[in-house]
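Below is one structure, written out as structure tokens, with a few remarks after it.
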Amino acid sequence: MPLSLAQQIAKLMPDAAVIMVNRDCTIHYWSPGAERLLGFPAVDAISQAGLAGSHCESCQAAYEVTPHDRLVGHILTLQTAGGQSRVVKKYTMPLFDDHGEFNGSIAVLIAYPTLPGPGDSQPVPGKPYHGMISHNPVMQHVFTMIGRVAKTDLPVLVRGESGTGKELVARAIHEESTRKGQPFIAINCAALNPNILESELFGHVKGAFTGAIRQHVGVFEQARGGTLFLDEIAEIPLDLQAKLLRVLETGEFTPLGSERRYIADVRIITATHRALREEAKSGRFRHDLLYRLRVIPIFLPPLRERRHDIPLLAKHLLHEQAGDVLVPQLTQAAVEHLMQYDWPGNVRELRNALSYAWVMSDGAVIDMQHLPAEILGLKNTGRAASKNTATRRQLDRHEIQAAIERHHGNLSQAAHSLGISRTTLWRKLKTLD
Ligand SMILES: Nc1ncnc2c1ncn2[C@@H]1O[C@H](COP(=O)(O)OP(=O)(O)OP(=O)(O)O)[C@@H](O)[C@H]1O
């Protein structure tokens with residue numbers, strides 16, 4: 001192994017982290033610059049296979065080097081030994097022996113300087129921040145990240161279970177950025193038929209395919225100058241992933257059936273509930289697209305991991321729902337049940353449960369018996385069945401209205417979030433007048 005080569009690079013670039021890995025990808029050299037930039041002493045780093053798997057997805061991407069890796073200036077966020085986020089540019093060069101076999105690799109990481117310093121955005125714990133409320137430290141860190149990344153155009157990937165607030169984060173970044181005032185367009189890649197997804201993204205000209213009776217402007221064009229939020233990005237088919245990658249690389253897109261290329265002047269924010277690295281490992285997601293999209297990863301913890309937020313959130317959501325009308329109070333017993341439940345649907349489920357409870361209560365006090373059966377730990381028996389049709393109708397109306405508002409009138413997305421088809425939603429809207 002040409003250790004002296006790594007040492008020479010380290011001498012040449014004392015501020016950079018110079019890391020050399022063996023053919024089995026264990027760390028063989030860790031420069032003094034790496035100690036300073038990443039905070040891990042060389043004695044801890046050497047012989048480790050990628051330090052950081054346990055606490056940071058992108059750390060693995062930073063240290064792990066495969067025979068095919070040849071990364072030129074990829075921007076990554078990683079965590080230092082002290083738990084700070086650090087944005088770096090990563091360069092990697094695989095090395096091969098005389099027989100052409102992979103023989104380790106050298107990685108050089110340099111601090112990426114364009115992010116503003118801490119303190120630029122000052123969310124206050126317990127106060128709403130772009131519609132989100134929390135006093136959980138992880139969420140507070142997310143709010144701070146939002147303020148910082150908003151000052152750049154770097155691609156952000158938001159990961160979190162359904163209903164954790166991924167779209168709210170994307171909107172907040174847009175609102176904090178200089179693109180504020182320009183369009184924010186959200187599209188759910190899972191909700192659309194893969195056959196029309198390409199046209200939804202890039203648009204098509206009249207006659208581009210059978211049934212294309214008129215021109216269609218895609219979301220890349222609709223969001224021009226603003227932000228494009230691609231939700232459930234892991235669900236896009238591989239051939240479309242290749243096309244999206246090309247757009248990100250060239251900064252241009254071509255509508256289906258068109259000869260013309262357009263500049264893609266959008267900031268891209270993506271979201272998924274899946275572990276994209278795992279998707280990439282299993283071949284369902286392109287590695288190169290993953291690296292392009294996940295420059296700044298933001299992770300949203302599920303609600304069951306921040307239970308202490310539940311009373312605060314419940315109050316906030318009831319306030320939002322009741323508006324200026326009398327805001328119902330939750331009894332201690334109701335709060336306790338809310339805090340014990342696991343919330344697989346996260347904040348969205350909490351919102352729906354409160355809508356339900358509000359309808360079931362007298363509107364002034366919500367007690368435990370007003371909560372949905374699953375939250376009380378009851379099986380879905382008589383209680384659910386005994387709901388009378390009138391209440392069910394009211395509840396549906398409220399849920400549906402809330403879903404449509406949340407998705408800004410987009411019925412497909414509203415239907416998706418309610419777990420019903422677009423046609424069923426139409427039918428319900430008709431019966432509910
Ligand atoms: N921290 C929060 N404070 C207040 N409301 C929140 C918070 N997080 C989420 N919500 C609310 O929860 C609901 C779901 O949020 P959002 O649509 O952003 O989630 P999501 O993660 O994008 O969901 P999905 O992946 O299913 O699209 C919305 O009504 C949103 O207003």
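Ordered as shown in the structure tokens, chains take letters A, B, and onward, while each chain numbers its residues from 1 and ligands are numbered from 1 in the order shown.
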
With ligand 1 as the partner and 6 Å as the cut-off, tabulate the residues of chain A that qualify, each row holding the nearest pair of atoms and their distance in Å to one decimal, using only C-alpha atoms and all ligand atoms, sorted by chain and rising number, as JSON lines.
```
{"residue": "A:Gly131", "atom": "CA", "partner": "ligand 1", "partner_atom_place_in_ligand_line": "4 (C)", "distance": 5.5}
{"residue": "A:Met132", "atom": "CA", "partner": "ligand 1", "partner_atom_place_in_ligand_line": "3 (N)", "distance": 3.3}
{"residue": "A:Ile133", "atom": "CA", "partner": "ligand 1", "partner_atom_place_in_ligand_line": "3 (N)", "distance": 4.1}
{"residue": "A:Ser134", "atom": "CA", "partner": "ligand 1", "partner_atom_place_in_ligand_line": "1 (N)", "distance": 5.7}
{"residue": "A:Ser162", "atom": "CA", "partner": "ligand 1", "partner_atom_place_in_ligand_line": "25 (O)", "distance": 3.7}
{"residue": "A:Gly163", "atom": "CA", "partner": "ligand 1", "partner_atom_place_in_ligand_line": "23 (O)", "distance": 3.6}
{"residue": "A:Thr164", "atom": "CA", "partner": "ligand 1", "partner_atom_place_in_ligand_line": "21 (O)", "distance": 4.1}
{"residue": "A:Gly165", "atom": "CA", "partner": "ligand 1", "partner_atom_place_in_ligand_line": "18 (O)", "distance": 3.2}
{"residue": "A:Lys166", "atom": "CA", "partner": "ligand 1", "partner_atom_place_in_ligand_line": "21 (O)", "distance": 3.8}
{"residue": "A:Glu167", "atom": "CA", "partner": "ligand 1", "partner_atom_place_in_ligand_line": "18 (O)", "distance": 3.6}
{"residue": "A:Leu168", "atom": "CA", "partner": "ligand 1", "partner_atom_place_in_ligand_line": "18 (O)", "distance": 4.1}
{"residue": "A:Val347", "atom": "CA", "partner": "ligand 1", "partner_atom_place_in_ligand_line": "12 (O)", "distance": 4.3}
{"residue": "A:Arg348", "atom": "CA", "partner": "ligand 1", "partner_atom_place_in_ligand_line": "13 (C)", "distance": 3.9}
```

Quick one: residues within 12 Å of A:Ile46, only C-alpha atoms counted, chain neighbours fewer than 5 positions away excluded, as a short mmCIF file (atom, residue, chain, number, x, y, z; two decimals) with N, CA and C atoms, in the first residue's frame?
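Final output, saved to result03.cif:
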```
data_model
loop_
_atom_site.label_atom_id
_atom_site.label_comp_id
_atom_site.auth_asym_id
_atom_site.auth_seq_id
_atom_site.Cartn_x
_atom_site.Cartn_y
_atom_site.Cartn_z
N ILE A 19 -7.69 9.99 4.25
CA ILE A 19 -7.98 8.68 4.82
C ILE A 19 -7.61 7.62 3.79
N MET A 20 -6.91 6.62 4.26
CA MET A 20 -6.59 5.53 3.32
C MET A 20 -7.22 4.25 3.87
N VAL A 21 -7.83 3.48 2.98
CA VAL A 21 -8.41 2.22 3.43
C VAL A 21 -7.74 1.05 2.71
N ASN A 22 -7.71 -0.10 3.40
CA ASN A 22 -7.17 -1.33 2.81
C ASN A 22 -8.15 -1.92 1.83
N CYS A 25 -11.42 -2.50 3.07
CA CYS A 25 -12.06 -1.23 3.46
C CYS A 25 -11.87 -0.88 4.94
N THR A 26 -10.95 -1.52 5.62
CA THR A 26 -10.63 -1.05 6.98
C THR A 26 -9.66 0.13 6.86
N ILE A 27 -9.73 1.01 7.85
CA ILE A 27 -8.93 2.24 7.75
C ILE A 27 -7.46 1.95 8.10
N HIS A 28 -6.57 2.46 7.23
CA HIS A 28 -5.15 2.15 7.33
C HIS A 28 -4.36 3.43 7.68
N TYR A 29 -4.89 4.56 7.25
CA TYR A 29 -4.21 5.83 7.56
C TYR A 29 -5.27 6.89 7.82
N TRP A 30 -5.06 7.69 8.83
CA TRP A 30 -6.00 8.72 9.26
C TRP A 30 -5.16 9.95 9.59
N SER A 31 -5.24 10.96 8.75
CA SER A 31 -4.28 12.07 8.87
C SER A 31 -4.60 12.96 10.07
N ALA A 34 -7.62 14.78 9.50
CA ALA A 34 -8.85 14.01 9.72
C ALA A 34 -9.23 14.05 11.20
N GLU A 35 -8.21 14.02 12.05
CA GLU A 35 -8.49 14.10 13.50
C GLU A 35 -9.16 15.44 13.81
N PHE A 40 -12.31 12.32 15.47
CA PHE A 40 -11.91 10.99 15.94
C PHE A 40 -10.38 10.89 15.91
N PRO A 41 -9.74 10.49 17.02
CA PRO A 41 -8.29 10.32 16.98
C PRO A 41 -7.91 9.13 16.10
N LEU A 51 -16.26 4.24 10.49
CA LEU A 51 -16.45 4.47 11.91
C LEU A 51 -17.89 4.52 12.37
N TYR A 63 -16.75 7.52 4.72
CA TYR A 63 -15.52 6.75 4.94
C TYR A 63 -15.46 5.49 4.10
#
```

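Across A:Ala242, A:Ala402, A:Leu330, A:Leu432, the tightest approach to A:Phe285 is made by A:Ala242 when counting only C-alpha atoms.
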
I need the alpha helix (DSSP H) residues of stretch 130-361 of chain A per DSSP on the backbone, written as a PyMOL selection string.
chain A and resi 137-149+166-176+194-202+219-222+238-250+276-281+287-293+310-322+332-340+346-360

Quick one: residues within 7 Å of A:Phe102, only C-alpha atoms counted, chain neighbours fewer than 5 positions away excluded, as an mmCIF file with N, CA and C atoms, in the first residue's frame?
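See result-v6.cif below for the written result:
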```cif
data_model
loop_
_atom_site.group_PDB
_atom_site.id
_atom_site.type_symbol
_atom_site.label_atom_id
_atom_site.label_comp_id
_atom_site.auth_asym_id
_atom_site.auth_seq_id
_atom_site.Cartn_x
_atom_site.Cartn_y
_atom_site.Cartn_z
ATOM 1 N N ARG A 23 -7.713 -3.026 1.195
ATOM 2 C CA ARG A 23 -8.619 -3.660 0.231
ATOM 3 C C ARG A 23 -9.899 -4.166 0.901
ATOM 4 N N PRO A 67 -14.696 -0.631 -4.531
ATOM 5 C CA PRO A 67 -13.805 -0.659 -5.694
ATOM 6 C C PRO A 67 -14.263 0.265 -6.815
ATOM 7 N N LEU A 95 -7.481 2.329 -5.635
ATOM 8 C CA LEU A 95 -6.131 1.915 -6.043
ATOM 9 C C LEU A 95 -6.215 0.464 -6.504
ATOM 10 N N PHE A 96 -5.419 0.096 -7.462
ATOM 11 C CA PHE A 96 -5.440 -1.273 -7.988
ATOM 12 C C PHE A 96 -4.026 -1.844 -7.996
ATOM 13 N N ASP A 97 -3.907 -3.146 -7.750
ATOM 14 C CA ASP A 97 -2.564 -3.742 -7.775
ATOM 15 C C ASP A 97 -2.179 -4.092 -9.219
#
```

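Comparing A:Ala208, A:Pro297, A:Arg427, A:Arg261 by their smallest distance to A:Val87, the closest is A:Pro297 (using only C-alpha atoms).
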
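The gap separating atom CA of A:Ile298 from atom CA of A:Gly218 is 26.6 Å, in Å to one decimal.
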
Please report the interatomic distance between atom CA of A:Pro301 and atom CA of A:Asn136 in Å with one decimal.
9.8 Å

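In this model, the gap between atom CA of A:Ile213 and atom CA of A:Ile185 comes to 24.0 Å.
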
Within stretch 204-265 of chain A, find each residue whose DSSP state, derived from the backbone, is strand (DSSP E), and express the selection as a PDB file with C-alpha atoms, in the first residue's frame.
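So the final result, stored in states_17.pdb, reads:
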```pdb
ATOM      1  CA  THR A 227     -38.768  24.519  -4.849  1.00  0.00           C
ATOM      2  CA  LEU A 228     -39.765  21.082  -6.051  1.00  0.00           C
ATOM      3  CA  PHE A 229     -40.623  18.580  -3.326  1.00  0.00           C
ATOM      4  CA  LEU A 230     -40.512  14.972  -4.518  1.00  0.00           C
ATOM      5  CA  ASP A 231     -42.141  12.881  -1.820  1.00  0.00           C
ATOM      6  CA  GLU A 252     -31.671  20.712 -18.026  1.00  0.00           C
ATOM      7  CA  PHE A 253     -34.783  18.703 -18.827  1.00  0.00           C
ATOM      8  CA  TYR A 262     -35.253  23.724 -20.608  1.00  0.00           C
ATOM      9  CA  ILE A 263     -33.168  24.945 -17.692  1.00  0.00           C
TER      10      ILE A 263
END
```

Using only C-alpha atoms, which of A:Lys315, A:Lys206, A:Arg306, A:Lys127 sits nearest A:Tyr341?
A:Arg306

Applying 6 Å and only C-alpha atoms, which residues near A:Arg159 remain after dropping the ones on its own chain fewer than 2 positions away? List them as a PyMOL selection string.
chain A and resi 271-273+299

Tell me, as a ChimeraX atom specification, which residues lie within 8 Å of A:Ala190, counting only C-alpha atoms; anything in the same chain fewer than 6 positions away does not count.
/A:231-233,235-236
